[in-house]
Every structure is written in structure tokens, then in C-alpha cells.
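Novice: Got a structure for you, written out below as C-alpha cells; questions coming shortly.
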Amino acid sequence: MLKHFHKEIEYCTYCPKLCRFSCPVGNASGNETYTPWGRQTLLHMVNEGTVAWDREVANAVYKCTTCMLCREYCDHEIEVPPVMLAARTEATKQKIQPQEAVEFLNFFKEQRNPYGDDLAARLRTILPSSSFNPEAQVVYFPGCANMYNFAQTIKNTFRLFEAMDVNYVACYAADVPCCGVPLYDLGYMAEFKQNADRLAVSLAKAKVIITGCPSCAWSLKVRLPEVGVQLTERIYHITEFLAPLLEEGKLPIRRPFSRKLIYHDPCYLGRYLGVYDQPRKLLNEVCREPLAEFSWNQRHAYCCGAGGGLATTNPPMVREIATERLREVYDGEKKALVTACPTCLRTFQKADEKLDILDVVDVLARCI
Amino acid sequence: MTTQSAARRAINVELLNRLRDVVGGKRVSRSELEGVAYSRDMQTASVLETRNGHVARRPDFVVWPESTEEVSRILRLCNEVRMPVTPFGGGTGLDGDAAPDCGGVVLDMKRMNRLERISELSCIGVCQPGIIGAHLEHDLNRQGYTLGHFPGSLGSSTLGGWLSTRGAGMAATTYGKIEDMVVSLQVVLADGAVLHTRTAPRRATGPDFNHLFIGSEGALGVITRAHMRIHLLPEARYFRGLAFKTLEEGLTALRLILRAGMKPSFLRLADEADVATNLKALGVNVSGCLLALVFDGRPTQVDLYGRKALEICRQNGGRDHGEEPARVWCEHRYAEFYRQSPVFEEAGGVLEHLEAAAVWRDAAAVHRAVREATPGDVELLANVPHAYPEGCGFLFTMVGKADNGDAAAFVEKTRNAALAAARGAGAVVSRSHGAAKGRGKTAADPAREILLGVKKRLDPNQILNPGAFAVDPEKPC
């Protein structure tokens, strides 16, 4: 099984766990089986015929947030998440995936998104009809996590566009609301491909796509081509789009943001898309106080816990990971948390309902 | 089904329910799957078993306690039904000490993973044993401190593991080995009793009980809290790389540096093979042997030590290569441990680490003896990772290939030859981390009877890590 990942599986199996400390699931559970080493060793044992490829092993390969932090500490640059994702695809083919993943698929098939609402209709209540233009070549793709949870962030995004005289961006109508990441993460490649094909139709005219969610940006940019769907190559996260405009002086800052902020690097924006500077530039431009940093930041930032489908398969573990990440927020002077991913935002909100948490876009919008 | 296994099964059903009462259902596992991750540490023989697809042993349960009280209740239960208990940290030891040879309960301590507090006044960090080294050091650094313990396994091993194996880190010359860093311990004994040693800088009130448990591989008690000496982060760091034609010259220079009272925080005296392989891979280009010196402290102090050390090295044949070799090595000091993966991935490939310590009188002879005892087709790399006024330690790395397919036999033969040679030349073969297992099986060891007496008194039912420290080594279970 997974012969094309032979090197990854074998290297991790024989490694003295040099990335052990970086695994959010391993840290939260304390369980060796749920570390990169543990999961890869299980797959090695499956290949050796010692361990049966069954529901229990499949359950272990789902215990990865795909955060890719382990790669940052691997001199061989082994990427564990692609192995786990491939193993999940095998699991779904053999119908041994976790029950939560089965239920998720049924739900998704019914609703065409992970949240269970008519998100296209919801989006039309968030923005005026003038924000939609099916012929537009520059399209804002909000992401279903934003549509469901953060209507204000979407509104704020368009307020910023307006304030910067960016009148050429139209909102995606969300007829296919989800980029398909949850399907991909849970190993449903056939369904991901179906979703991707539908996206190809609804985004066919877009020459530039701006997303409100890093996972969407990665999915549209990298994962769709994996299943033969090539959208425009010009796909950006909102912070990538806004930062150059800021440098051109197009953001009219009327009042600085006065509260102390600490910035959390989302895994898919940072380690996957390589976007570290743009959110910081934007925030530093509008904040009165210097931006605080987590001690594990940028390439070394820990995950919020919700990536890789873990929010579906193991919500209590996600909460534990998020709570651990938040410990530094409470240190020293009072701070609000800022990030650039709706999934991270929602995860941290769930971990601490009292904590003040904002999207970069929300911070900028308060300053214009 | 044997009568014994039926009896064990009956005990297990009862014990499982009682363990669940203590820690809840989610922190006890009886999955056979855990056997893969918890059957071994990084002992070469175990890695080879894994390569061959074998799971040589399995725990009956893995339990994740979160407090001293839970550990106490678990041990009381296990003691009652004579169930073996093996404490588990990172599982990165090289001697098989964390492997549950007799099955039973593996007590994974990693949910007791906090730096609880720092006493700035006393420079003490109060730590739970399951904290992973990289997290502990990171948490201390954020507050301006360091523990000063940097084993190659920093990213995976735990404080409890270091204590239980009496480990040495790469900065042991300055900060000491782990035993030098302990102020006091909290230990749960086999019957569940909790022992606190006194928190005091030094005492003259009889034997030091800390040292009874440090290095005991969890066979005398389970450490659940440690007060550790911590140090302010250094203000300045001085790097210097010196090349020597021979290892003997390097050893002489190092001995004189230490005798003059200067303690490098990090050092590596690499022999020619180590330079040509590990250091060259980092981009360090020197010929011969390399002494990499790093001094930590105040700017004037490190500058003074650096200049004096440089002078001593030059007087003893050292050629100054500036800061770069030492800086590069220090920044990438864990890089060599990644080599294990490609070696084992290759059919028949093996890699083994050995550690030996010797007084200066014997140091050069130990290095020579191990080299001479190592077959020509085995790559042998050696370096001195820590040193003291009276002697130094050697880390030997052997890389080879068992062409006939019996890698385990090949490793054992090669290792035993090297260990015998080292002993013959006057070394104490400490392996890397701990020796209780070795000690338990070495009948000629005069200290064995004393240790057995202690074991019988503290753990009369021999439940604590019986595989590591058995009263009868032939029948540990």
C-alpha cells in the first residue's frame, strides 16, 4: 500500500522521532501512535503484513491536522501529510474511514458544503446585489467558513475594496460554495473531483481569484490541478491582494487600531502558501502598538488544531490543541488575537468564547 | 490458551475497569495497535525488529496519567495484582529500557508535561516529567533561562526520560549531566507511596536519595515532579574551530583548557572520520581532527576564555579556523541524527551508537582500541561531546551493512567487539543513556547485590520496569 510513499514511510519509521515535539496531535494526546513517527510506523507495519489495514489503523491516519510543521524540523524534508491523505483515500475506498467521516460525507452530499445551510442564499443577504457580477474577471471567493461564520468579515472585505477604489472585484455567487478541502482532507477524492469540476464551471470566467480563506487558496491553486481542474493561475489570499495596495498608499487609514494584537500564522497561509509578511505588513501599518508574536511563529507556528479534517473526526482534540496554542495569548499584557483564516478564527472562538479574536480584514476595516 | 494467560486475562479485565476509574476511559488504551509504538525505544535491535515487521512485545495497557495522585493510584492497583509497570517518556533511549519486556502497563508520562513554575530567586524550575525537552527549553528561554541540557534527542525525549536514564547533553561540560541539575524530586514508589526529597542546594544529611532514582530506569520509582537548577541565558557566545593533525593533540589541548578552569558550554572534538563525514556534510571544510569550542557567558568572560583556549590549542598543534566551523556545527548539532533513516532504509544497513567514558590517561587508548576493534567494512565515526578536568566521554557511531542479511547478529558482533575493546583500554562503557538493564544482566558487577537489595525493599513485587532491572535477569517476567 502507498508504494509511491515508500521513502517517506521508511524514513520516518527509522527516525529517532526528531520532529516529535512539533506534532500538535502528538502533543495534545501524549500518544506515540499519533505522532508522525507513530503513524508512519503503523503504515510500515501494514506494508510488512504485521498489522491489518483496518478501521483502527485508518482512525490513526486521520489523527493529523496536515499542518506540515513536522517538515520544518526534518532535514530530509519528509512531508507526512500527503502520506496521511493518501492513506485516507485508501481508507474511504475500503470503507474503513472513521464513522464521523462517513456522516460528514452524507451531510456534504445533501448540503454541498460542510455547514448545512444554503450558503449562496446566505451570501446574498450579506452583500448587496451590486457586489455580484457573473461576468467579472476578478472574483472574491469568500470560502464557506466565512460565509457561515463571519458575515461581517465578508462585508468588511468589500468595505476595504470600496475604500481603496477597487471596483473591479465581484463576489463569487457561491453556487458551488465549497472549495472541496474537507472532502480532500477526509479522503473522498472522487467527490472532491466532482466538486472541482463544478467549481471549474462556476469559476470559468475568473482571471484572478481572491480568497478569504487560506485553505481555499491552496485548494483552488494546488489541489484542483491534482484532479485535472486548472483554474486561473492567479489565485491569491486576501492579504496577498491587499498588501501591495497598501504599499501603493491606497488604503485610507483614518484612525489607527489601538489595541494590542498578537498574530497567529494559519498553517495553509504560512507553511503551504508561504505568506508570512503580508498580514504583518498590513497590521503593522494600522496598529498603534507593535504586533505581538507567538514564540512559535511563521514557519514554526503551531496549528490551531482544526486542519486535516480533525475538526470533523475529533473535536475534543481540536479544542485541546487550540487551548494549548492560546496559552501564550494570556501571558503578559492583554491582547486580542488576530489571524487570517476563518477556520482558525472559529476554532479559537470555540476554545475560548471570551477571547477577542479578529480577522486581519476586520482590523483593517476598523481603521478606515 | 495457557492457564497463565487465562489468569492474566482475568486480571486485565478487572484492572482495566479500575484503571478507567482512575483516569477515565479516554486515557487508558488496550488497543493492540499501541503495541507498535510502545513496544520499543530506539535500541538498534528493536529498530531492526521493526524493519523486519516484528512487534516483539506488547503492553497490556497504555495509561496516560495527569497527576501524581493518578500515578500513585495506578501503581497501587498494579502492585495489588502484580502487574508490571513501565514508565515511558519519549521512547528514544538506546538500551531498550522503556520497552515493556514483561507486558503490563506502560505509563506514558507525557500528559504531565508542564513547566509548572520558575523560582527566579532560587533559579529553580519546577517541572513535570513528561515535558519534551524542546518544549521545556523553549518555555525556559522565553523567561530568560536555560536548563543547559541538550541531548541529540531534545525534540523527542522528556525530562523524566533524561532523569531515569541519567542522560548527558551536549552542554554537559558547563552545565553538568542531568544528575547535576536536580535539586529535588517527587517520586511515586511501587506501593503508591509518594516520596519527596528535600529542596535544598546541598545537604549533609546522609545519602542523597535523588541519586537512588536518577538512572534507575523507573525500576525503583516513578518520578512525577522535579525541581531543576536553571541558569540565566548567556549574554554572549564565543565560537572557535581548531584543527589538529591527530586526535591525541586535540585531547591534550582539551584537557589543558579544562585544567585551566575553562569550561566550554558546547564542544566537539571530532576525529578525522567524523570531520570527513558529519562535519563535511554541514559544509565544514577542515582536514584532520576538529575541536569546536563554544563558550557562553558575559562578553568579557567568553572573550577571555576564548583567547586563552586559543592560545592553549596553538601551543599544542591546533590550527585556528576562526568562528565558522564551531558556529556551523553548533547551529546544526542535531543534523547527524537524521542519518539513521537512510542507513536503515537500505537493506542490511545498520547504525549503532556507543558511548564510553575514560579518564584522560586512557582516553586516546580507548579511541585507538575501538578503532582497531572495528572491522574495516564498518564506518566508525568518533567524537568527544563532553569533557571534564578528569576525563572525557566518547560517542562512537558505527555504520555498516550486513550482507548476509542477519543485521542483528552483525550489529551485536560489531558492538560487542567495540565495547570489549573500550573496556579493555580502561573505559567505562556507559552506553548513551542509562545502564540499569546492562547492570541487571551483568552478574560480575559488585554493585549488583546492593542494588538488588534496594529493589527488593522498594519494589518487593517487582512490578516496576522488570525488564530493565530484574532480580533474576534470566527470568525478568
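Starting from 1 in every chain, residues are counted up; chains themselves are A, B, ... following the order of the C-alpha cells, and ligands are numbered from 1 as listed.
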Identify, on the basis of only C-alpha atoms, every residue whose closest approach to Gly30 in chain A does not exceed 10 Å; exclude the query and any residue fewer than 6 positions from it along the same chain; express the result as an NGL selection string.
Specialist: (:A and (24)) or (:B and (27 or 64 or 89-90 or 108-113 or 130-131))
Novice: Report as a Markdown table: every residue of chain A with an atom at most 10 Å from chain B, its closest pair of atoms, and their distance in Å to one decimal, counting only C-alpha atoms, with rows sorted by chain and ascending residue number.
Specialist:
```
| residue | atom | partner | partner_atom | distance |
| --- | --- | --- | --- | --- |
| A:His6 | CA | B:Glu345 | CA | 9.5 |
| A:Lys7 | CA | B:Glu345 | CA | 7.9 |
| A:Glu8 | CA | B:Ser341 | CA | 9.9 |
| A:Ile9 | CA | B:Glu345 | CA | 9.7 |
| A:Glu10 | CA | B:Glu345 | CA | 6.0 |
| A:Tyr11 | CA | B:Ser341 | CA | 4.7 |
| A:Cys12 | CA | B:Ser341 | CA | 7.0 |
| A:Thr13 | CA | B:Ser341 | CA | 7.7 |
| A:Tyr14 | CA | B:Ser341 | CA | 4.9 |
| A:Cys15 | CA | B:Ser341 | CA | 5.2 |
| A:Pro16 | CA | B:Thr92 | CA | 6.2 |
| A:Lys17 | CA | B:Ser156 | CA | 5.9 |
| A:Leu18 | CA | B:Gly155 | CA | 5.5 |
| A:Cys19 | CA | B:Gly155 | CA | 6.1 |
| A:Arg20 | CA | B:Ser156 | CA | 5.0 |
| A:Phe21 | CA | B:Gly155 | CA | 5.4 |
| A:Ser22 | CA | B:Gly155 | CA | 8.0 |
| A:Gly26 | CA | B:Lys110 | CA | 9.5 |
| A:Asn27 | CA | B:Lys110 | CA | 8.0 |
| A:Ala28 | CA | B:Arg111 | CA | 7.9 |
| A:Ser29 | CA | B:Arg111 | CA | 7.4 |
| A:Gly30 | CA | B:Lys110 | CA | 5.0 |
| A:Asn31 | CA | B:Asp108 | CA | 7.7 |
| A:Glu32 | CA | B:Ala37 | CA | 5.9 |
| A:Thr33 | CA | B:Ala37 | CA | 5.5 |
| A:Tyr34 | CA | B:Ala37 | CA | 9.1 |
| A:Thr35 | CA | B:Ala37 | CA | 9.5 |
| A:Trp37 | CA | B:Ala37 | CA | 8.5 |
| A:Gly38 | CA | B:Ala37 | CA | 5.8 |
| A:Arg39 | CA | B:Ala37 | CA | 8.8 |
| A:Thr41 | CA | B:Val36 | CA | 7.5 |
| A:Leu42 | CA | B:Val36 | CA | 6.9 |
| A:His44 | CA | B:Gly53 | CA | 7.7 |
| A:Met45 | CA | B:Gly53 | CA | 5.6 |
| A:Val46 | CA | B:Gly53 | CA | 8.6 |
| A:Asn47 | CA | B:Gly53 | CA | 8.5 |
| A:Glu48 | CA | B:Gly53 | CA | 5.3 |
| A:Gly49 | CA | B:Gly53 | CA | 7.3 |
| A:Thr50 | CA | B:Gly53 | CA | 5.8 |
| A:Val51 | CA | B:Leu33 | CA | 7.9 |
| A:Ala52 | CA | B:Leu33 | CA | 9.7 |
| A:Glu56 | CA | B:Leu33 | CA | 7.8 |
| A:Val57 | CA | B:Leu33 | CA | 7.5 |
| A:Ala60 | CA | B:Leu33 | CA | 9.5 |
| A:Tyr73 | CA | B:Gly155 | CA | 9.1 |
| A:Cys74 | CA | B:Tyr338 | CA | 7.8 |
| A:Asp75 | CA | B:Tyr338 | CA | 6.7 |
| A:His76 | CA | B:Tyr338 | CA | 7.6 |
| A:Ser295 | CA | B:Arg142 | CA | 7.6 |
| A:Trp296 | CA | B:His138 | CA | 9.2 |
```
Novice: Using only C-alpha atoms, which protein or nucleic acid residues come within 10 Å of range 306-322 of chain A? Drop anything in the same chain fewer than 6 positions from it, and give the result as a ChimeraX atom specification.
Specialist: /A:24-29,59,62-67,81,84-85,97-104,114,181-187,215,266-268,343-344,346-352
Novice: Using only C-alpha atoms, which residues sit within 8 Å of Gly143 in chain A once same-chain residues fewer than 3 positions away are excluded, as a list in words?
Specialist: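 The neighbour list is Asn146, Met147, Pro177, Cys178, Cys179, Thr211, Gly212, Cys213 and Cys216 of chain A.
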Novice: Per DSSP on the backbone, what are the helix (DSSP H, G or I) residues of range 105-220 of chain A, as JSON, numbers by chain?
Specialist: {"A": [105, 106, 107, 108, 109, 110, 111, 119, 120, 121, 122, 123, 124, 125, 126, 129, 130, 131, 144, 145, 146, 147, 148, 149, 151, 152, 153, 154, 155, 156, 157, 158, 159, 160, 161, 162, 163, 181, 182, 183, 184, 185, 189, 190, 191, 192, 193, 194, 195, 196, 197, 198, 199, 200, 201, 202, 214, 215, 216, 217, 218, 219, 220]}
Novice: Nearest to Leu224 in chain A among A:Lys207, A:Lys193, A:Arg325, A:His264, with distances taken over only C-alpha atoms: which residue is it?
Specialist: A:Lys193
Novice: If you measure from CA of Asp403 in chain B to CA of Pro375 in chain B, what distance in Å do you get, rounded to one decimal?
Specialist: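 Value for the CA of Asp403 in chain B-CA of Pro375 in chain B distance: 13.7 Å.
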Novice: Pick out the residues sitting within 12 Å of Arg288 in chain A, and hand them over as a list of chain:residue names; count only C-alpha atoms, and ignore anything fewer than 5 positions along from it in its own chain.
Specialist: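 Non-adjacent residues within range: A:Ile253, A:Arg255, A:Pro256, A:Phe257, A:Ser258, A:Arg259, A:Lys260, A:Leu261, A:Leu283, A:Val363, A:Cys367.
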Novice: From the options B:Arg237, B:His211, B:Arg229, B:His196, which residue's atoms come nearest to Leu140 in chain B, counting only C-alpha atoms?
Specialist: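 Looking at the shortest contact to Leu140 in chain B, the residue is B:Arg229.
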Novice: Can you pull out the residues contacting range 162-164 of chain B? Cut-off 10 Å, using only C-alpha atoms, and skip same-chain residues under 4 positions away; I want them as a short mmCIF file (atom, residue, chain, number, x, y, z; two decimals) with N, CA, C and O atoms, in the first residue's frame.
Specialist:
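Output saved as out.cif:
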```cif
data_model
loop_
_atom_site.label_atom_id
_atom_site.label_comp_id
_atom_site.auth_asym_id
_atom_site.auth_seq_id
_atom_site.Cartn_x
_atom_site.Cartn_y
_atom_site.Cartn_z
N PRO B 87 7.39 2.87 33.01
CA PRO B 87 7.22 4.30 32.69
C PRO B 87 7.80 4.59 31.31
O PRO B 87 8.78 3.99 30.89
N PHE B 88 7.18 5.53 30.60
CA PHE B 88 7.55 5.82 29.21
C PHE B 88 7.59 7.33 29.00
O PHE B 88 6.65 8.03 29.35
N GLY B 89 8.70 7.80 28.46
CA GLY B 89 8.80 9.24 28.14
C GLY B 89 8.70 9.42 26.63
O GLY B 89 7.65 9.29 26.05
N GLY B 90 9.86 9.70 26.00
CA GLY B 90 9.85 9.86 24.55
C GLY B 90 10.09 8.56 23.80
O GLY B 90 9.86 8.48 22.61
N GLY B 93 15.42 6.18 24.03
CA GLY B 93 16.63 5.59 24.61
C GLY B 93 17.23 4.57 23.66
O GLY B 93 16.58 4.10 22.72
N ASP B 97 15.37 0.30 27.50
CA ASP B 97 14.89 0.37 28.88
C ASP B 97 13.41 0.73 29.00
O ASP B 97 12.78 0.40 29.99
N ALA B 98 12.88 1.42 28.00
CA ALA B 98 11.46 1.77 28.08
C ALA B 98 10.58 0.73 27.41
O ALA B 98 9.36 0.88 27.36
N PRO B 129 7.45 15.58 34.65
CA PRO B 129 8.44 14.72 33.97
C PRO B 129 8.16 14.46 32.51
O PRO B 129 9.06 14.11 31.76
N GLY B 133 11.83 17.80 25.86
CA GLY B 133 12.98 18.69 26.04
C GLY B 133 12.87 20.00 25.29
O GLY B 133 13.13 21.07 25.85
N HIS B 149 20.54 21.47 29.14
CA HIS B 149 20.62 20.04 28.80
C HIS B 149 20.19 19.87 27.35
O HIS B 149 19.03 20.11 27.01
N PRO B 151 20.49 16.98 24.79
CA PRO B 151 20.81 15.70 24.16
C PRO B 151 20.41 15.73 22.68
O PRO B 151 19.64 16.60 22.27
N SER B 153 18.44 14.01 21.29
CA SER B 153 17.01 13.72 21.20
C SER B 153 16.16 14.83 21.80
O SER B 153 15.02 14.58 22.21
N LEU B 154 16.67 16.06 21.86
CA LEU B 154 15.96 17.15 22.53
C LEU B 154 14.51 17.30 22.04
O LEU B 154 13.62 17.61 22.82
N SER B 157 12.76 13.47 23.42
CA SER B 157 12.90 12.87 24.76
C SER B 157 12.33 13.80 25.81
O SER B 157 12.13 15.00 25.58
N THR B 158 12.06 13.24 26.98
CA THR B 158 11.41 14.01 28.04
C THR B 158 12.34 14.16 29.25
O THR B 158 13.30 13.40 29.41
N ALA B 168 23.24 12.50 29.45
CA ALA B 168 24.17 13.61 29.26
C ALA B 168 23.73 14.39 28.03
O ALA B 168 23.28 13.80 27.05
N GLY B 169 23.87 15.70 28.10
CA GLY B 169 23.57 16.52 26.94
C GLY B 169 24.86 17.08 26.36
O GLY B 169 25.94 16.86 26.89
N LYS B 177 25.83 16.88 33.81
CA LYS B 177 24.87 15.89 33.32
C LYS B 177 23.56 16.13 34.07
O LYS B 177 23.47 16.96 34.95
N ILE B 178 22.55 15.36 33.72
CA ILE B 178 21.23 15.66 34.27
C ILE B 178 21.22 15.55 35.80
O ILE B 178 20.53 16.31 36.48
N GLU B 179 22.01 14.62 36.33
CA GLU B 179 22.01 14.46 37.79
C GLU B 179 22.54 15.70 38.50
O GLU B 179 22.19 15.94 39.65
N MET B 181 21.82 18.62 37.73
CA MET B 181 20.83 19.69 37.59
C MET B 181 19.64 19.52 38.54
O MET B 181 18.79 20.39 38.61
N VAL B 182 19.61 18.40 39.24
CA VAL B 182 18.44 18.11 40.08
C VAL B 182 18.62 18.70 41.48
O VAL B 182 19.65 18.50 42.12
N LEU B 185 13.30 15.81 44.00
CA LEU B 185 12.38 15.01 43.19
C LEU B 185 11.14 14.63 43.99
O LEU B 185 11.20 14.53 45.22
N ASN B 210 17.98 11.52 45.84
CA ASN B 210 17.76 11.82 44.42
C ASN B 210 18.49 10.80 43.55
O ASN B 210 17.98 10.35 42.52
N HIS B 211 19.70 10.48 44.00
CA HIS B 211 20.56 9.64 43.16
C HIS B 211 20.14 8.17 43.17
O HIS B 211 20.67 7.38 42.39
N PHE B 213 17.11 7.37 42.48
CA PHE B 213 16.11 7.27 41.41
C PHE B 213 16.64 7.73 40.05
O PHE B 213 16.15 7.28 39.02
N ILE B 214 17.60 8.65 40.10
CA ILE B 214 18.17 9.11 38.82
C ILE B 214 18.95 7.95 38.22
O ILE B 214 19.83 7.38 38.88
N GLY B 215 18.63 7.59 37.01
CA GLY B 215 19.34 6.49 36.35
C GLY B 215 18.77 5.12 36.65
O GLY B 215 19.31 4.12 36.21
N SER B 216 17.68 5.08 37.41
CA SER B 216 17.14 3.76 37.78
C SER B 216 16.13 3.23 36.76
O SER B 216 15.52 2.20 36.98
N GLU B 217 15.96 3.92 35.66
CA GLU B 217 15.09 3.47 34.56
C GLU B 217 13.66 3.21 35.03
O GLU B 217 12.97 2.33 34.51
N GLY B 218 13.23 3.91 36.04
CA GLY B 218 11.87 3.70 36.54
C GLY B 218 11.69 2.39 37.26
O GLY B 218 10.56 1.98 37.54
N ALA B 219 12.78 1.72 37.58
CA ALA B 219 12.68 0.41 38.23
C ALA B 219 12.59 0.52 39.75
O ALA B 219 12.31 -0.46 40.43
N LEU B 220 12.82 1.72 40.28
CA LEU B 220 12.72 1.91 41.74
C LEU B 220 11.59 2.85 42.11
O LEU B 220 11.20 2.91 43.28
N GLY B 221 11.09 3.58 41.19
CA GLY B 221 10.00 4.52 41.45
C GLY B 221 9.73 5.33 40.20
O GLY B 221 10.51 5.31 39.25
N VAL B 222 8.60 6.02 40.19
CA VAL B 222 8.22 6.83 39.04
C VAL B 222 8.33 8.31 39.42
O VAL B 222 7.64 8.77 40.34
N ILE B 223 9.20 9.02 38.75
CA ILE B 223 9.41 10.45 39.04
C ILE B 223 8.20 11.23 38.50
O ILE B 223 7.83 11.08 37.33
N ALA B 226 10.05 17.38 39.29
CA ALA B 226 11.47 17.61 39.55
C ALA B 226 11.72 19.10 39.71
O ALA B 226 11.22 19.90 38.90
N HIS B 433 22.53 6.31 27.30
CA HIS B 433 21.60 6.87 28.28
C HIS B 433 21.18 5.77 29.22
O HIS B 433 20.23 5.04 28.96
N GLY B 434 21.89 5.66 30.31
CA GLY B 434 21.45 4.72 31.33
C GLY B 434 22.08 3.35 31.16
O GLY B 434 22.60 3.01 30.11
N ALA B 436 20.85 0.58 33.61
CA ALA B 436 20.25 -0.35 34.57
C ALA B 436 20.04 -1.72 33.95
O ALA B 436 20.29 -2.74 34.57
#
```
Novice: Which polymer residues have any atom within 9 Å of an atom of range 273-275 of chain A, counting only C-alpha atoms, with same-chain residues fewer than 4 positions away left out, as an MDAnalysis selection string?
Specialist: chainID A and resid 214 217:218 237 239:240 265 267:269 279 298:299
Novice: Emit the selected residues as a PDB file, in the first residue's frame, including C-alpha atoms.
Specialist:
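So the final result, stored in result-v4.pdb, reads:
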```
ATOM      1  CA  PRO A 214      -6.029  30.186   3.022  1.00  0.00           C
ATOM      2  CA  ALA A 217      -6.498  29.412  -1.898  1.00  0.00           C
ATOM      3  CA  TRP A 218      -4.360  26.267  -1.569  1.00  0.00           C
ATOM      4  CA  HIS A 237      -5.311  35.071  -0.389  1.00  0.00           C
ATOM      5  CA  THR A 239      -3.774  39.510   2.471  1.00  0.00           C
ATOM      6  CA  GLU A 240      -1.655  38.923  -0.640  1.00  0.00           C
ATOM      7  CA  ASP A 265       0.008  32.238  11.330  1.00  0.00           C
ATOM      8  CA  CYS A 267      -0.788  26.729   8.511  1.00  0.00           C
ATOM      9  CA  TYR A 268      -2.135  26.909   4.972  1.00  0.00           C
ATOM     10  CA  LEU A 269      -1.329  30.595   4.596  1.00  0.00           C
ATOM     11  CA  PRO A 279      -0.525  40.068   7.020  1.00  0.00           C
ATOM     12  CA  GLN A 298       5.914  31.980  10.999  1.00  0.00           C
ATOM     13  CA  ARG A 299       7.451  28.710   9.728  1.00  0.00           C
TER      14      ARG A 299
END
```
Novice: For Lys250 in chain A, which residue among A:Val139, A:Ile368, A:Ile262, A:Val360 is the nearest when counting only C-alpha atoms?
Specialist: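 Nearest candidate to Lys250 in chain A out of A:Val139, A:Ile368, A:Ile262, A:Val360: A:Ile368.
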Novice: Hey, can you check how far CA of Thr252 in chain B sits from CA of Leu282 in chain B?
Specialist: 25.8 Å
Novice: Calculated over only C-alpha atoms, which of the candidates B:His227, B:Arg259, B:Arg73, B:Arg8 has the smallest distance to Gln128 in chain B?
Specialist: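 Of B:His227, B:Arg259, B:Arg73, B:Arg8, the one nearest Gln128 in chain B is B:His227, counting only C-alpha atoms.
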Novice: Could you tell me how far CA of Leu159 in chain B sits from CA of Arg327 in chain B, in Å to one decimal place?
Specialist: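 That distance, rounded to one decimal, is 26.7 Å.
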